[in-house]
>>> print(open('data.txt').read())   # compact mmCIF, C-alpha atoms
# COMPACT_ATOMS: atom_id res chain seq x y z
CA MET A 1055 192.91 102.47 108.69
CA VAL A 1056 193.86 100.63 111.86
CA GLU A 1057 197.61 100.53 111.25
CA ASN A 1058 197.83 104.20 110.22
CA ASN A 1059 196.04 105.32 113.39
CA ILE A 1060 193.56 107.62 111.65
CA TYR A 1061 191.75 110.28 113.67
CA LEU A 1062 188.07 109.63 113.00
CA TYR A 1063 185.16 112.00 113.59
CA TYR A 1064 181.60 111.20 112.55
CA SER A 1065 178.25 112.94 112.85
CA THR A 1066 174.93 111.07 112.79
CA PHE A 1067 171.75 113.10 112.70
CA ASN A 1068 168.14 112.06 112.11
CA LYS A 1069 166.51 114.26 109.47
CA ILE A 1070 163.15 114.22 111.26
CA GLU A 1071 164.84 115.52 114.40
CA TYR A 1072 166.55 118.18 112.30
CA VAL A 1073 163.12 119.44 111.20
CA ILE A 1074 161.61 119.24 114.71
CA ASN A 1075 164.57 121.14 116.20
CA GLN A 1076 164.02 123.93 113.68
CA LEU A 1077 160.30 123.98 114.34
CA PHE A 1078 160.81 124.40 118.10
CA SER A 1079 164.01 126.46 117.91
CA ASN A 1080 162.49 129.42 119.79
CA TYR A 1081 161.63 127.33 122.85
CA HIS A 1082 164.28 126.71 125.49
CA ASN A 1083 164.71 124.52 128.55
CA SER A 1084 163.46 125.74 131.90
CA PRO A 1085 162.84 124.16 135.32
CA LEU A 1086 159.19 123.71 134.28
CA PHE A 1087 159.65 122.59 130.67
CA ASP A 1088 162.24 120.19 129.24
CA THR A 1089 162.25 121.12 125.55
CA ASP A 1090 165.04 118.63 124.77
CA SER A 1091 162.89 115.74 125.97
CA LEU A 1092 159.90 117.04 124.03
CA ARG A 1093 161.89 117.28 120.80
CA TYR A 1094 163.22 113.77 121.38
CA SER A 1095 159.75 112.33 122.05
CA ILE A 1096 158.12 113.95 119.01
CA THR A 1097 160.97 112.81 116.77
CA LYS A 1098 160.79 109.23 118.03
CA ILE A 1099 157.00 109.11 117.61
CA LEU A 1100 157.19 110.43 114.04
CA VAL A 1101 159.93 107.91 113.18
CA MET A 1102 157.83 105.12 114.70
CA TYR A 1103 154.48 105.99 113.08
CA GLU A 1104 155.82 107.41 109.78
CA PRO A 1105 152.69 109.57 109.13
CA LEU A 1106 152.50 109.91 105.34
CA ASP A 1107 150.94 113.39 105.24
CA VAL A 1108 153.59 114.78 107.63
CA TYR A 1109 156.43 113.21 105.65
CA GLU A 1110 155.04 114.54 102.37
CA ALA A 1111 154.82 118.03 103.89
CA ILE A 1112 158.50 117.76 104.85
CA TYR A 1113 159.53 116.77 101.32
CA LYS A 1114 157.32 119.40 99.67
CA ASN A 1115 158.55 122.07 102.10
CA ASP A 1116 155.68 124.31 101.04
CA GLY A 1117 154.73 125.65 104.48
CA SER A 1118 152.09 122.98 105.21
CA LEU A 1119 154.11 121.06 107.83
CA VAL A 1120 152.64 122.75 110.93
CA TYR A 1121 149.06 122.07 109.74
CA GLU A 1122 149.79 118.41 108.93
CA LEU A 1123 151.68 117.85 112.16
CA LYS A 1124 148.84 119.30 114.24
CA LYS A 1125 146.32 117.14 112.41
CA PHE A 1126 148.38 113.99 113.03
CA ILE A 1127 148.86 114.85 116.72
CA GLN A 1128 145.13 115.41 117.21
CA GLN A 1129 144.41 112.06 115.58
CA ARG A 1130 146.89 110.25 117.84
CA ILE A 1131 145.57 111.91 121.01
CA ALA A 1132 142.06 110.72 120.10
CA ALA A 1133 143.30 107.21 119.26
CA ASN A 1134 145.26 106.93 122.55
CA GLN A 1135 142.30 107.69 124.83
CA GLY A 1136 141.82 104.97 127.41
CA ILE A 1137 145.12 103.18 126.57
CA GLN A 1138 147.21 103.06 129.74
CA HIS A 1139 150.68 102.54 128.19
CA LYS A 1140 150.15 105.49 125.80
CA GLN A 1141 149.96 108.13 128.55
CA ILE A 1142 153.56 109.34 128.12
CA GLU A 1143 153.09 109.59 124.34
CA THR A 1144 149.82 111.49 124.77
CA SER A 1145 151.45 113.89 127.25
CA ALA A 1146 154.22 114.68 124.75
CA PHE A 1147 151.63 115.25 122.02
CA GLN A 1148 149.63 117.62 124.21
CA GLN A 1149 152.72 119.68 125.03
CA ALA A 1150 153.68 119.84 121.36
CA LEU A 1151 150.16 120.89 120.40
CA LEU A 1152 150.31 123.81 122.83
CA LEU A 1153 153.47 125.07 121.16
CA LEU A 1154 152.16 124.49 117.63
CA ASP A 1155 148.90 126.34 118.39
CA ASP A 1156 151.08 129.35 119.15
CA TYR A 1157 152.91 129.03 115.82
CA LYS A 1158 151.78 131.87 113.56
CA GLU A 1159 154.54 132.03 110.97
CA ARG A 1160 154.75 130.01 107.76
CA PHE A 1161 157.38 127.38 108.52
CA VAL A 1162 159.83 126.44 105.77
CA ILE A 1163 162.71 124.04 106.43
CA ASP A 1164 166.22 125.36 105.93
CA TRP A 1165 168.34 122.34 104.98
CA ASP A 1166 171.78 123.13 106.28
CA TYR A 1167 174.80 120.90 106.97
CA GLY A 1168 176.24 123.17 109.65
CA ILE A 1169 175.38 120.78 112.51
CA ALA A 1170 178.09 118.31 111.43
CA PHE A 1171 180.77 121.01 111.41
CA ILE A 1172 179.81 122.27 114.87
CA GLY A 1173 180.82 118.88 116.25
CA PHE A 1174 183.90 118.75 114.03
CA LYS A 1175 185.09 122.10 115.37
CA LYS A 1176 184.64 120.86 118.94
CA TYR A 1177 186.60 117.70 118.05
CA LEU A 1178 189.51 119.76 116.72
CA THR A 1179 189.55 121.80 119.93
CA GLU A 1180 189.42 118.71 122.12
CA LYS A 1181 192.28 117.07 120.26
CA GLY A 1182 194.33 120.29 120.23
CA ILE A 1183 194.48 120.29 116.42
CA GLU A 1184 195.18 123.83 115.22
CA GLU A 1185 196.78 123.29 111.81
CA TYR A 1186 194.59 121.36 109.40
CA SER A 1187 192.83 121.44 106.04
CA LEU A 1188 189.37 120.02 105.33
CA THR A 1189 188.71 118.32 102.01
CA ILE A 1190 185.00 118.11 101.14
CA ASP A 1191 183.39 115.92 98.50
CA ARG A 1192 182.37 118.21 95.66
CA GLU A 1193 178.63 118.45 95.00
CA GLY A 1194 176.45 120.56 92.74
CA ASN A 1195 175.28 123.36 95.03
CA GLY A 1196 178.32 123.82 97.28
CA LYS A 1197 176.14 123.98 100.42
CA THR A 1198 178.45 121.70 102.39
CA LEU A 1199 181.48 123.90 101.80
CA TYR A 1200 179.45 127.01 102.62
CA ALA A 1201 178.25 125.45 105.89
CA ALA A 1202 181.82 124.57 106.91
CA LYS A 1203 183.05 128.12 106.33
CA ARG A 1204 180.03 129.65 108.07
CA ILE A 1205 180.75 127.56 111.21
CA GLY A 1206 184.36 128.76 111.16
CA ILE A 1207 186.33 125.96 109.52
CA LYS A 1208 189.18 128.10 108.26
CA ASP A 1209 190.83 125.96 105.55
CA ALA A 1210 188.17 124.02 103.63
CA TYR A 1211 187.88 123.26 99.93
CA GLU A 1212 186.06 120.87 97.60
CA VAL A 1213 187.62 118.01 95.63
CA ASP A 1214 186.15 115.37 93.32
CA SER A 1215 186.21 112.04 95.16
CA LYS A 1216 187.93 110.46 92.13
CA ASN A 1217 190.99 112.49 93.04
CA SER A 1218 190.99 111.91 96.80
CA VAL A 1219 191.65 108.62 98.59
CA GLY A 1220 190.67 110.30 101.87
CA ILE A 1221 187.21 111.21 100.61
CA ARG A 1222 186.65 107.69 99.31
CA ILE A 1223 187.65 106.23 102.70
CA ALA A 1224 185.29 108.66 104.47
CA ASP A 1225 182.51 107.81 102.01
CA MET A 1226 183.01 104.09 102.62
CA LEU A 1227 182.91 104.51 106.40
CA ALA A 1228 179.86 106.79 106.28
CA GLY A 1229 178.05 104.35 104.02
CA LEU A 1230 178.93 101.38 106.23
CA VAL A 1231 177.78 103.06 109.46
CA SER A 1232 174.64 104.33 107.71
CA LYS A 1233 173.71 100.84 106.51
CA PHE A 1234 174.10 99.47 110.02
CA LEU A 1235 171.84 102.21 111.41
CA LYS A 1236 169.18 101.76 108.72
CA ASN A 1237 169.10 97.99 109.15
CA ILE A 1238 168.87 98.26 112.93
CA VAL A 1239 165.92 100.67 112.60
CA SER A 1240 164.25 98.44 110.00
CA ASP A 1241 164.67 95.28 112.06
CA LEU A 1242 163.39 96.79 115.31
CA LYS A 1243 160.43 98.60 113.74
CA TYR A 1244 156.96 97.46 114.75
CA THR A 1245 154.85 96.50 111.76
CA SER A 1246 151.49 96.15 113.53
CA HIS A 1247 149.69 97.16 116.74
CA GLU A 1248 149.78 93.53 117.91
CA GLU A 1249 153.54 93.35 117.41
CA ALA A 1250 153.98 96.54 119.44
CA LYS A 1251 152.65 94.72 122.52
CA LYS A 1252 155.66 92.36 122.54
CA LEU A 1253 159.39 92.78 123.04
CA LYS A 1254 161.07 93.46 119.70
CA LEU A 1255 164.56 92.01 119.21
CA LEU A 1256 167.01 91.89 116.33
CA SER A 1257 166.45 88.97 113.96
CA ASN A 1258 168.49 85.77 114.11
CA ASP A 1259 170.56 86.67 111.04
CA TRP A 1260 172.53 89.25 113.04
CA PHE A 1261 173.85 86.52 115.34
CA ASN A 1262 174.74 83.78 112.85
CA ILE A 1263 178.42 84.73 112.64
CA ASP A 1264 181.68 82.86 112.16
CA GLU A 1265 185.27 83.52 113.23
CA ASN A 1266 185.96 85.91 110.36
CA LYS A 1267 182.85 88.00 111.06
CA LEU A 1268 183.72 88.18 114.76
CA LYS A 1269 187.19 89.45 113.83
CA LEU A 1270 185.63 92.07 111.56
CA TYR A 1271 183.36 93.26 114.38
CA LYS A 1272 186.37 93.60 116.66
CA MET A 1273 188.28 95.53 113.99
CA PHE A 1274 185.30 97.78 113.31
CA LYS A 1275 184.94 98.53 117.02
CA GLN A 1276 188.64 99.41 117.17
CA ILE A 1277 188.11 102.06 114.46
CA ILE A 1278 184.70 103.40 115.51
CA VAL A 1279 185.08 103.30 119.32
CA ASN A 1280 188.62 102.77 120.58
CA GLN A 1281 191.04 104.41 118.17
CA ASN A 1282 191.86 107.99 119.23
CA ASP A 1283 188.80 108.02 121.46
CA ALA A 1284 187.38 111.43 122.38
CA TRP A 1285 184.15 112.93 123.73
CA TYR A 1286 183.47 114.56 120.35
CA LYS A 1287 184.62 111.65 118.21
CA SER A 1288 180.91 111.23 117.52
CA PHE A 1289 178.33 114.01 117.35
CA SER A 1290 174.58 113.57 117.10
CA GLY A 1291 171.25 115.05 118.04
CA ASN A 1292 169.19 113.99 121.05
CA TYR A 1293 167.48 111.25 119.03
CA ALA A 1294 170.41 108.86 118.78
CA ASP A 1295 168.71 105.55 119.59
CA SER A 1296 169.87 103.61 116.53
CA PHE A 1297 173.42 104.94 116.86
CA LEU A 1298 173.58 103.91 120.53
CA TYR A 1299 172.27 100.46 119.59
CA PHE A 1300 174.95 100.21 116.90
CA ILE A 1301 177.71 100.99 119.43
CA CYS A 1302 176.20 98.39 121.79
CA LEU A 1303 176.29 95.87 118.93
CA LEU A 1304 180.01 96.48 118.36
CA ASN A 1305 180.76 96.33 122.08
CA TYR A 1306 178.73 93.14 122.52
CA PHE A 1307 180.42 91.11 119.78
CA SER A 1308 183.85 92.45 120.74
CA GLY A 1309 183.36 91.18 124.27
CA PHE A 1310 183.90 87.57 123.21
CA LYS A 1311 187.45 86.19 123.07
CA ASN A 1312 186.80 83.90 120.11
CA ILE A 1313 184.02 82.17 118.20
CA GLN A 1314 184.05 79.20 120.58
CA ASP A 1315 183.41 81.53 123.49
CA TYR A 1316 180.60 83.18 121.50
CA LYS A 1317 178.89 79.89 120.59
CA GLU A 1318 178.55 78.84 124.21
CA LYS A 1319 175.30 80.84 124.18
CA THR A 1320 172.26 80.30 121.98
CA VAL A 1321 171.04 82.85 119.47
CA GLU A 1322 168.05 83.64 121.70
CA GLU A 1323 170.37 84.29 124.65
CA HIS A 1324 172.50 86.61 122.51
CA LYS A 1325 169.43 88.54 121.37
CA LEU A 1326 168.23 89.11 124.94
CA LEU A 1327 171.69 90.01 126.28
CA LEU A 1328 172.22 92.58 123.51
CA ASN A 1329 168.77 94.04 124.16
CA ASN A 1330 169.50 94.35 127.90
CA LEU A 1331 172.81 96.07 127.13
CA SER A 1332 171.13 98.54 124.79
CA VAL A 1333 168.36 99.32 127.32
CA ALA A 1334 170.95 100.03 130.03
CA ASN A 1335 172.87 102.32 127.69
CA LEU A 1336 169.70 104.15 126.64
CA ASN A 1337 168.78 104.71 130.30
CA ASP A 1338 172.22 106.23 130.92
CA TYR A 1339 171.79 108.38 127.83
CA PHE A 1340 168.36 109.63 128.98
CA THR A 1341 169.89 110.59 132.34
CA ARG A 1342 172.55 112.67 130.55
CA MET A 1343 169.93 114.21 128.26
CA HIS A 1344 167.85 115.37 131.23
CA SER A 1345 170.96 117.00 132.68
CA LYS A 1346 171.22 120.57 131.37
CA LEU A 1347 174.76 121.20 132.56
CA PRO A 1348 177.04 121.72 129.55
CA ILE A 1349 179.73 119.08 129.12
CA GLU A 1350 182.89 120.36 127.50
CA PRO A 1351 186.19 118.47 127.28
CA ILE A 1352 189.32 120.15 128.59
CA SER A 1353 191.58 121.17 125.72
CA PRO A 1354 195.26 120.33 126.30
CA ASN A 1355 196.56 123.90 126.62
CA ASP A 1356 199.04 123.12 129.37
CA LYS A 1357 200.12 120.29 131.63
CA GLU A 1358 199.25 122.21 134.80
CA PHE A 1359 196.08 124.16 134.08
CA TYR A 1360 193.15 124.71 131.71
CA TYR A 1361 190.50 127.38 131.17
CA ASN A 1362 186.90 126.72 132.17
CA GLN A 1363 183.85 127.71 130.14
CA ARG A 1364 183.91 131.22 131.59
CA GLY A 1365 187.55 131.68 130.62
CA ALA A 1366 188.99 131.40 134.13
CA LYS A 1367 192.30 129.65 134.74
CA CYS A 1368 191.89 126.36 136.64
CA TYR A 1369 194.67 124.10 137.92
CA PHE A 1370 194.33 120.34 137.51
CA ASP A 1371 195.52 120.22 141.11
CA TYR A 1372 192.66 122.38 142.39
CA LYS A 1373 194.35 122.83 145.75
CA ARG A 1374 196.51 125.42 144.01
CA GLN A 1375 193.45 127.62 143.42
CA GLY A 1376 193.05 130.54 145.77
CA TYR A 1377 190.04 130.97 148.06
CA LEU A 1378 187.35 133.61 147.64
CA ASP A 1379 187.91 136.43 150.13
CA ILE A 1380 184.90 136.28 152.50
CA PRO A 1381 184.88 138.85 155.31
CA LYS A 1382 184.03 138.11 158.95
CA LEU A 1383 181.14 140.36 159.94
CA LYS A 1384 179.80 141.86 163.14
CA PRO A 1385 176.08 141.18 163.68
CA ASN A 1386 173.76 143.88 162.28
CA LYS A 1387 176.62 146.24 161.44
CA GLU A 1388 178.16 145.24 158.15
CA ARG A 1389 177.32 143.78 154.76
CA GLY A 1390 179.29 140.98 153.19
CA ALA A 1391 181.49 141.20 150.10
CA ILE A 1392 179.56 141.46 146.84
CA TYR A 1393 180.98 139.72 143.76
CA GLN A 1394 179.73 139.37 140.21
CA VAL A 1395 179.40 135.58 139.98
CA LEU A 1396 179.58 133.99 136.53
CA SER A 1397 179.11 130.36 137.58
CA VAL A 1398 179.19 127.95 140.52
CA GLY A 1399 180.55 124.41 140.45
CA PHE A 1400 182.76 121.77 142.00
CA PHE A 1401 186.23 120.35 141.54
CA GLY A 1402 186.53 116.58 141.57
CA LYS A 1403 183.44 114.50 142.31
CA ASN A 1404 181.65 117.23 144.29
CA GLU A 1405 184.74 117.40 146.52
CA GLN A 1406 185.44 121.11 146.54
CA PRO A 1407 182.93 123.92 145.79
CA CYS A 1408 184.18 126.77 143.67
CA VAL A 1409 182.93 129.96 142.10
CA THR A 1410 183.95 131.86 138.98
CA ILE A 1411 183.75 135.62 139.43
CA TYR A 1412 184.48 138.61 137.24
CA LYS A 1413 187.01 140.86 138.94
CA ASP A 1414 189.77 143.19 137.77
CA GLU A 1415 188.48 142.84 134.19
CA GLN A 1416 188.99 139.09 134.06
CA ALA A 1417 187.30 135.83 135.05
CA GLN A 1418 188.75 134.21 138.17
CA CYS A 1419 187.95 130.76 139.55
CA LEU A 1420 188.25 130.61 143.35
CA LEU A 1421 187.51 127.99 145.99
CA LEU A 1422 184.64 128.31 148.45
CA PRO A 1423 184.75 127.04 152.03
CA LYS A 1424 183.27 123.55 152.25
CA GLU A 1425 180.58 124.95 154.56
CA LEU A 1426 179.04 126.43 151.38
CA SER A 1427 178.89 123.03 149.63
CA ASP A 1428 175.12 122.74 150.14
CA TRP A 1429 174.55 126.18 148.61
CA ALA A 1430 176.82 125.36 145.67
CA PHE A 1431 175.09 122.02 145.18
CA ASP A 1432 171.67 123.73 145.08
CA MET A 1433 172.94 126.17 142.44
CA VAL A 1434 174.30 123.33 140.31
CA ALA A 1435 171.12 121.28 140.75
CA PHE A 1436 168.98 124.21 139.59
CA SER A 1437 171.17 124.66 136.52
CA ASN A 1438 170.90 120.92 135.90
CA ILE A 1439 167.14 121.22 135.26
CA GLY A 1440 167.47 124.22 132.97
CA GLY A 1441 167.49 127.11 135.45
CA ASN A 1442 170.07 129.85 135.29
CA PHE A 1443 170.82 132.27 138.12
CA PHE A 1444 174.11 133.52 136.75
CA PRO A 1445 175.72 135.87 136.06
CA SER A 1446 174.41 137.63 139.17
CA ASP A 1447 175.71 139.69 142.08
CA VAL A 1448 176.13 137.51 145.16
CA GLU A 1449 176.86 138.63 148.71
CA PHE A 1450 179.23 136.41 150.72
CA GLY A 1451 179.93 136.70 154.41
CA TYR A 1452 180.80 134.94 157.67
CA ILE A 1453 178.67 135.81 160.69
CA ASN A 1454 177.72 134.14 163.97
CA GLY A 1455 180.00 131.20 163.22
CA ARG A 1456 178.66 130.37 159.75
CA TYR A 1457 179.24 131.26 156.09
CA TYR A 1458 176.42 132.50 153.90
CA ALA A 1459 175.87 133.31 150.21
CA GLU A 1460 172.90 135.34 149.00
CA ILE A 1461 171.97 136.15 145.40
CA LEU A 1462 171.05 139.84 145.15
>>> encode(input="data.txt", output="structure tokens")
Amino acid sequence: MVENNIYLYYSTFNKIEYVINQLFSNYHNSPLFDTDSLRYSITKILVMYEPLDVYEAIYKNDGSLVYELKKFIQQRIAANQGIQHKQIETSAFQQALLLLDDYKERFVIDWDYGIAFIGFKKYLTEKGIEEYSLTIDREGNGKTLYAAKRIGIKDAYEVDSKNSVGIRIADMLAGLVSKFLKNIVSDLKYTSHEEAKKLKLLSNDWFNIDENKLKLYKMFKQIIVNQNDAWYKSFSGNYADSFLYFICLLNYFSGFKNIQDYKEKTVEEHKLLLNNLSVANLNDYFTRMHSKLPIEPISPNDKEFYYNQRGAKCYFDYKRQGYLDIPKLKPNKERGAIYQVLSVGFFGKNEQPCVTIYKDEQAQCLLLPKELSDWAFDMVAFSNIGGNFFPSDVEFGYINGRYYAEIL
């Protein structure tokens, strides 16, 4: 796998999150309500507490899930009263209860594998792969193949794994990653209320390694992380804690030159250092999750330019972009130029404000004068918390020595 330079894509998705996402699918982010964070919190709490009645309702899928989930939430809110460190959990429960109280329909889970193929399609685009075929492990109901075709995978078919080395390799990798994730979750799970008051670390067995195991970790990191790296090499839901910990584990062990270098630290030191690394990575992940700006890789269409999310042509050297035509106005006599604005953003690291407009039956990305940087930053910041002003008509002008932009 290493020598042949395989292109690897993998999707990890928590089934509890899958159910919660469906349950709250009609609720969207806004400046006042972060639905992504709510879904994450409810998923994590259910994974942590493992409420039997809720889990049974999921497996039965008989429409009783909303009732059981509300009952469990009410029980937890009552149990958390007066406990200081449970305030965030209680707040998430109260928000979820408000949404569930408004749920009138009979909820039945639709088990669908489409989520994995959404990420796969994005990976193909990012890597510029246009000609391909997708071989899927044959199963009884054919739902996986149906999901791939529904998402738009154009050349997909099923094959018995006995007749496909590729499927067996994929199955081995999926099983290996899955066992890592399950064991990480199992080892870090609190088994009592008393245990939950203390810092939970991986057990000593994870760190009793020799030279061969260290080499295997380095090789595994090469395949999972480094080889043909891409933004969409991995694809998951918001609840990706165990997967992030797994990547931290690979990065941590791979950071040592050899086993002698590794054994300069005690097992307890290794446990704490890995925990600190995972906490830092989770904090970075939470920051990205709270950001509502879409992140899309640039597909390699051309060496000089690409197309942004609105379909406008953008040069990698943004200085080649034209400027938006903003008229100079006489006080109290004229109006500025009105454009249909599709989006506002920046080139570089907030270096140059720009605007994408719809004009002459096409999207055009044009630079704004740097005097409008504060306005552009405010528009981006509002979008970052779930707001959305655009598309809208915006009036631009230059009057009394200053530029202005006003949403109409």
>>> closest_residue(input="data.txt", among="A:Thr1066, A:Glu1122, A:Asn1059, A:Asn1217", to="A:Leu1298", atoms="only C-alpha atoms")
A:Thr1066
>>> axis_aligned_box(input="data.txt", around="stretch 1207-1215 of chain A", padding_each_side="8 Å", output="AutoDock Vina command-line options")
--center_x 188.4 --center_y 120.1 --center_z 101.4 --size_x 20.8 --size_y 32.1 --size_z 32.2
>>> atom_distance(input="data.txt", atom1="atom CA of A:Ser1065", atom2="atom CA of A:Lys1325")
27.3 Å
>>> residues_around(input="data.txt", residues="A:Leu1426", least_positions_apart="6", cutoff="9 Å", atoms="only C-alpha atoms", output="PyMOL selection string")
chain A and resi 1407+1457-1459
>>> atom_distance(input="data.txt", atom1="atom CA of A:Thr1144", atom2="atom CA of A:Ser1296")
23.1 Å
